[in-house]
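Q: Before anything else, here's the structure in question.
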Amino acid sequence: MVNFDSISLYLPLMQIEKKGDFMQRLILASSSPRRKELLESLRLKFEISSSDADESFSETLSPAEVVMELASRKSETVAHDYPDCFLIGSDTVVVHDGTILGKPESGQEALQMLKKLSGNTHSVYTGVSIISPEKETRFYEKTDVTFWDLSDEEIDTYIKSGEPFDKAGGYGIQGFGSMLVKEISGDYYTVVGLPVSRLIRELRKIGYNLPY
Ligand SMILES: Cc1cn([C@H]2C[C@H](O)[C@@H](COP(=O)(O)OP(=O)(O)OP(=O)(O)O)O2)c(=O)[nH]c1=O
């Protein structure tokens, strides 16, 4: 004799379990339009939650530690709103001659930064934190960027374009700032703010179901 009550209870549970397998939610904890575009390029479904994490850091940390620490703060800030999800936080800094350069807050600061970077090689560090339902994974990537010798006029024109102000080191390699760059060594996407090919490998390792 078949017990219909137990079947009707059992079936919906199976469906929920199966749905759960597919529906791992991916959240990008960022207000950066670049990071959104880069994650879109991976053809993954994700949601955005901007994080208002404090971005101050201790001078005793290395650049790699700084970017991973700030990336963690960003993913942790939104984690309580998204239990059981996969959350990504990321942070980028420029390092010139041992000094960490964040985003310039004025034209004067942008000028100082770009003068330092002119004719020299600097490193761009991007840290990533992924919080999965089980654990947190952190990593960073570093890319070296060499600038041409820049004239005062070039720097002035670039600052007047407005591009430096929301970008670490005061430039954007993906925009008008491309004219400043002579060569790079490392992943281009680390400079733009999200090392996507490493990210995809780390997501796979921690059990995120990729569609490919
Ligand atoms: C060097 C460089 C940086 N950047 C950007 C990447 C980052 O968005 C920004 C560094 O600031 P971040 O603090 O890393 O990021 P953010 O404030 O823009 O976004 P959120 O914290 O919400 O994720 O600089 C470029 O877009 N191009 C470049 O060539």
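Chain labels follow the order of the structure tokens: the first chain is A, the next B, and so on; residue numbering restarts at 1 in every chain, and ligands are counted from 1 in their shown order.
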Would you please extract all alpha helix (DSSP H) residues from stretch 26-172 of chain A, as assigned by DSSP on the backbone, and give them as a PyMOL selection string?

A: chain A and resi 33-41+63-79+107-117+152-160

Q: Go through chain A and flag each residue having an atom no more than 9 Å from ligand 1; for those, report the closest pair of atoms plus their distance in Å to one decimal, using only C-alpha atoms and all ligand atoms, ordered by chain and rising number, as JSON lines.

A:
```
{"residue": "A:Leu28", "atom": "CA", "partner": "ligand 1", "partner_atom_place_in_ligand_line": "23 (O)", "distance": 8.3}
{"residue": "A:Ala29", "atom": "CA", "partner": "ligand 1", "partner_atom_place_in_ligand_line": "23 (O)", "distance": 6.4}
{"residue": "A:Ser30", "atom": "CA", "partner": "ligand 1", "partner_atom_place_in_ligand_line": "22 (O)", "distance": 3.5}
{"residue": "A:Ser31", "atom": "CA", "partner": "ligand 1", "partner_atom_place_in_ligand_line": "22 (O)", "distance": 3.7}
{"residue": "A:Ser32", "atom": "CA", "partner": "ligand 1", "partner_atom_place_in_ligand_line": "19 (O)", "distance": 4.1}
{"residue": "A:Pro33", "atom": "CA", "partner": "ligand 1", "partner_atom_place_in_ligand_line": "8 (O)", "distance": 7.3}
{"residue": "A:Arg34", "atom": "CA", "partner": "ligand 1", "partner_atom_place_in_ligand_line": "26 (O)", "distance": 6.0}
{"residue": "A:Arg35", "atom": "CA", "partner": "ligand 1", "partner_atom_place_in_ligand_line": "8 (O)", "distance": 6.7}
{"residue": "A:Ser49", "atom": "CA", "partner": "ligand 1", "partner_atom_place_in_ligand_line": "22 (O)", "distance": 8.9}
{"residue": "A:Ser50", "atom": "CA", "partner": "ligand 1", "partner_atom_place_in_ligand_line": "22 (O)", "distance": 5.8}
{"residue": "A:Ser51", "atom": "CA", "partner": "ligand 1", "partner_atom_place_in_ligand_line": "22 (O)", "distance": 5.9}
{"residue": "A:Asp52", "atom": "CA", "partner": "ligand 1", "partner_atom_place_in_ligand_line": "22 (O)", "distance": 7.4}
{"residue": "A:Ala53", "atom": "CA", "partner": "ligand 1", "partner_atom_place_in_ligand_line": "21 (O)", "distance": 7.7}
{"residue": "A:Glu55", "atom": "CA", "partner": "ligand 1", "partner_atom_place_in_ligand_line": "13 (O)", "distance": 7.2}
{"residue": "A:Val67", "atom": "CA", "partner": "ligand 1", "partner_atom_place_in_ligand_line": "14 (O)", "distance": 8.0}
{"residue": "A:Leu70", "atom": "CA", "partner": "ligand 1", "partner_atom_place_in_ligand_line": "13 (O)", "distance": 8.2}
{"residue": "A:Ala71", "atom": "CA", "partner": "ligand 1", "partner_atom_place_in_ligand_line": "21 (O)", "distance": 8.0}
{"residue": "A:Lys74", "atom": "CA", "partner": "ligand 1", "partner_atom_place_in_ligand_line": "21 (O)", "distance": 7.0}
{"residue": "A:Gly89", "atom": "CA", "partner": "ligand 1", "partner_atom_place_in_ligand_line": "23 (O)", "distance": 6.6}
{"residue": "A:Ser90", "atom": "CA", "partner": "ligand 1", "partner_atom_place_in_ligand_line": "23 (O)", "distance": 5.6}
{"residue": "A:Asp91", "atom": "CA", "partner": "ligand 1", "partner_atom_place_in_ligand_line": "14 (O)", "distance": 3.5}
{"residue": "A:Thr92", "atom": "CA", "partner": "ligand 1", "partner_atom_place_in_ligand_line": "14 (O)", "distance": 3.8}
{"residue": "A:Val93", "atom": "CA", "partner": "ligand 1", "partner_atom_place_in_ligand_line": "10 (C)", "distance": 6.2}
{"residue": "A:Val94", "atom": "CA", "partner": "ligand 1", "partner_atom_place_in_ligand_line": "1 (C)", "distance": 6.3}
{"residue": "A:Gly102", "atom": "CA", "partner": "ligand 1", "partner_atom_place_in_ligand_line": "10 (C)", "distance": 6.8}
{"residue": "A:Lys103", "atom": "CA", "partner": "ligand 1", "partner_atom_place_in_ligand_line": "11 (O)", "distance": 6.5}
{"residue": "A:Val124", "atom": "CA", "partner": "ligand 1", "partner_atom_place_in_ligand_line": "1 (C)", "distance": 6.4}
{"residue": "A:Tyr125", "atom": "CA", "partner": "ligand 1", "partner_atom_place_in_ligand_line": "1 (C)", "distance": 8.8}
{"residue": "A:Thr126", "atom": "CA", "partner": "ligand 1", "partner_atom_place_in_ligand_line": "14 (O)", "distance": 7.4}
{"residue": "A:Gly127", "atom": "CA", "partner": "ligand 1", "partner_atom_place_in_ligand_line": "14 (O)", "distance": 8.5}
{"residue": "A:Pro164", "atom": "CA", "partner": "ligand 1", "partner_atom_place_in_ligand_line": "24 (O)", "distance": 8.7}
{"residue": "A:Phe165", "atom": "CA", "partner": "ligand 1", "partner_atom_place_in_ligand_line": "24 (O)", "distance": 8.8}
{"residue": "A:Asp166", "atom": "CA", "partner": "ligand 1", "partner_atom_place_in_ligand_line": "24 (O)", "distance": 6.1}
{"residue": "A:Lys167", "atom": "CA", "partner": "ligand 1", "partner_atom_place_in_ligand_line": "24 (O)", "distance": 3.3}
{"residue": "A:Ala168", "atom": "CA", "partner": "ligand 1", "partner_atom_place_in_ligand_line": "24 (O)", "distance": 4.2}
{"residue": "A:Gly169", "atom": "CA", "partner": "ligand 1", "partner_atom_place_in_ligand_line": "1 (C)", "distance": 5.7}
{"residue": "A:Gly170", "atom": "CA", "partner": "ligand 1", "partner_atom_place_in_ligand_line": "1 (C)", "distance": 7.1}
{"residue": "A:Tyr171", "atom": "CA", "partner": "ligand 1", "partner_atom_place_in_ligand_line": "29 (O)", "distance": 5.4}
{"residue": "A:Gly172", "atom": "CA", "partner": "ligand 1", "partner_atom_place_in_ligand_line": "29 (O)", "distance": 3.4}
{"residue": "A:Ile173", "atom": "CA", "partner": "ligand 1", "partner_atom_place_in_ligand_line": "29 (O)", "distance": 3.7}
{"residue": "A:Gln174", "atom": "CA", "partner": "ligand 1", "partner_atom_place_in_ligand_line": "29 (O)", "distance": 6.0}
{"residue": "A:Gly175", "atom": "CA", "partner": "ligand 1", "partner_atom_place_in_ligand_line": "27 (N)", "distance": 7.8}
{"residue": "A:Gly177", "atom": "CA", "partner": "ligand 1", "partner_atom_place_in_ligand_line": "29 (O)", "distance": 7.2}
{"residue": "A:Ser178", "atom": "CA", "partner": "ligand 1", "partner_atom_place_in_ligand_line": "29 (O)", "distance": 8.1}
{"residue": "A:Tyr188", "atom": "CA", "partner": "ligand 1", "partner_atom_place_in_ligand_line": "29 (O)", "distance": 8.7}
{"residue": "A:Tyr189", "atom": "CA", "partner": "ligand 1", "partner_atom_place_in_ligand_line": "27 (N)", "distance": 8.8}
{"residue": "A:Thr190", "atom": "CA", "partner": "ligand 1", "partner_atom_place_in_ligand_line": "2 (C)", "distance": 8.4}
{"residue": "A:Val191", "atom": "CA", "partner": "ligand 1", "partner_atom_place_in_ligand_line": "29 (O)", "distance": 5.0}
{"residue": "A:Val192", "atom": "CA", "partner": "ligand 1", "partner_atom_place_in_ligand_line": "27 (N)", "distance": 4.0}
{"residue": "A:Gly193", "atom": "CA", "partner": "ligand 1", "partner_atom_place_in_ligand_line": "6 (C)", "distance": 4.1}
{"residue": "A:Leu194", "atom": "CA", "partner": "ligand 1", "partner_atom_place_in_ligand_line": "6 (C)", "distance": 7.8}
```

Q: Name the closest residue to A:Lys135 among the candidates A:Met68, A:Leu87, A:Val95, A:Met113; distances are taken between atoms, counting only C-alpha atoms.

A: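 Using only C-alpha atoms, A:Lys135 sits closest to A:Leu87.
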
Q: Name the closest residue to A:His122 among the candidates A:Glu59, A:Asp156, A:Asp144, A:Glu37; distances are taken between atoms, counting only C-alpha atoms.

A: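 For A:His122, the nearest of the candidates is A:Asp144.
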
Q: Measuring atom to atom with only C-alpha atoms, identify which of A:Phe147, A:Gly186, A:Leu210, A:His96 is nearest to A:Arg25.

A: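 For A:Arg25, the nearest of the candidates is A:Leu210.
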
Q: In Å, rounded to a single decimal, give me how far atom CA of A:Val128 is from atom CA of A:Ile184.

A: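 According to the coordinates, atom CA of A:Ile184 and atom CA of A:Val128 are separated by 20.6 Å.
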
Q: Nearest to A:Gly207 among A:Thr146, A:Thr157, A:Thr99, A:Ser132, with distances taken over only C-alpha atoms: which residue is it?

A: A:Ser132

Q: Within stretch 9-126 of chain A, find each residue whose DSSP state, derived from the backbone, is strand (DSSP E), and express the selection as a list in words.

A: Leu26, Ile27, Leu28, Glu47, Ile48, Phe86, Leu87, Ile88, Gly89, Ser90, Asp91, Thr92, Val93, Val94, Val95, His96, Thr99, Ile100, Leu101, Thr121, His122, Ser123, Val124, Tyr125 and Thr126 of chain A

Q: Residues of stretch 145-209 of chain A that approach stretch 39-48 of chain A to 10 Å or less, counting only C-alpha atoms: could you list each one with the shortest pair of atoms and its distance in Å to one decimal, rows by chain and increasing residue number, as JSON lines?

A:
```
{"residue": "A:Leu194", "atom": "CA", "partner": "A:Leu39", "partner_atom": "CA", "distance": 7.9}
{"residue": "A:Pro195", "atom": "CA", "partner": "A:Leu39", "partner_atom": "CA", "distance": 9.5}
{"residue": "A:Val196", "atom": "CA", "partner": "A:Leu39", "partner_atom": "CA", "distance": 7.0}
{"residue": "A:Ser197", "atom": "CA", "partner": "A:Leu42", "partner_atom": "CA", "distance": 8.7}
{"residue": "A:Leu199", "atom": "CA", "partner": "A:Leu39", "partner_atom": "CA", "distance": 9.4}
{"residue": "A:Ile200", "atom": "CA", "partner": "A:Leu42", "partner_atom": "CA", "distance": 8.1}
```

Q: When distances are computed from only C-alpha atoms, which of A:Gly119, A:Trp148, A:Ala110, A:Leu203 shows the smallest separation from A:Ser161?

A: A:Ala110
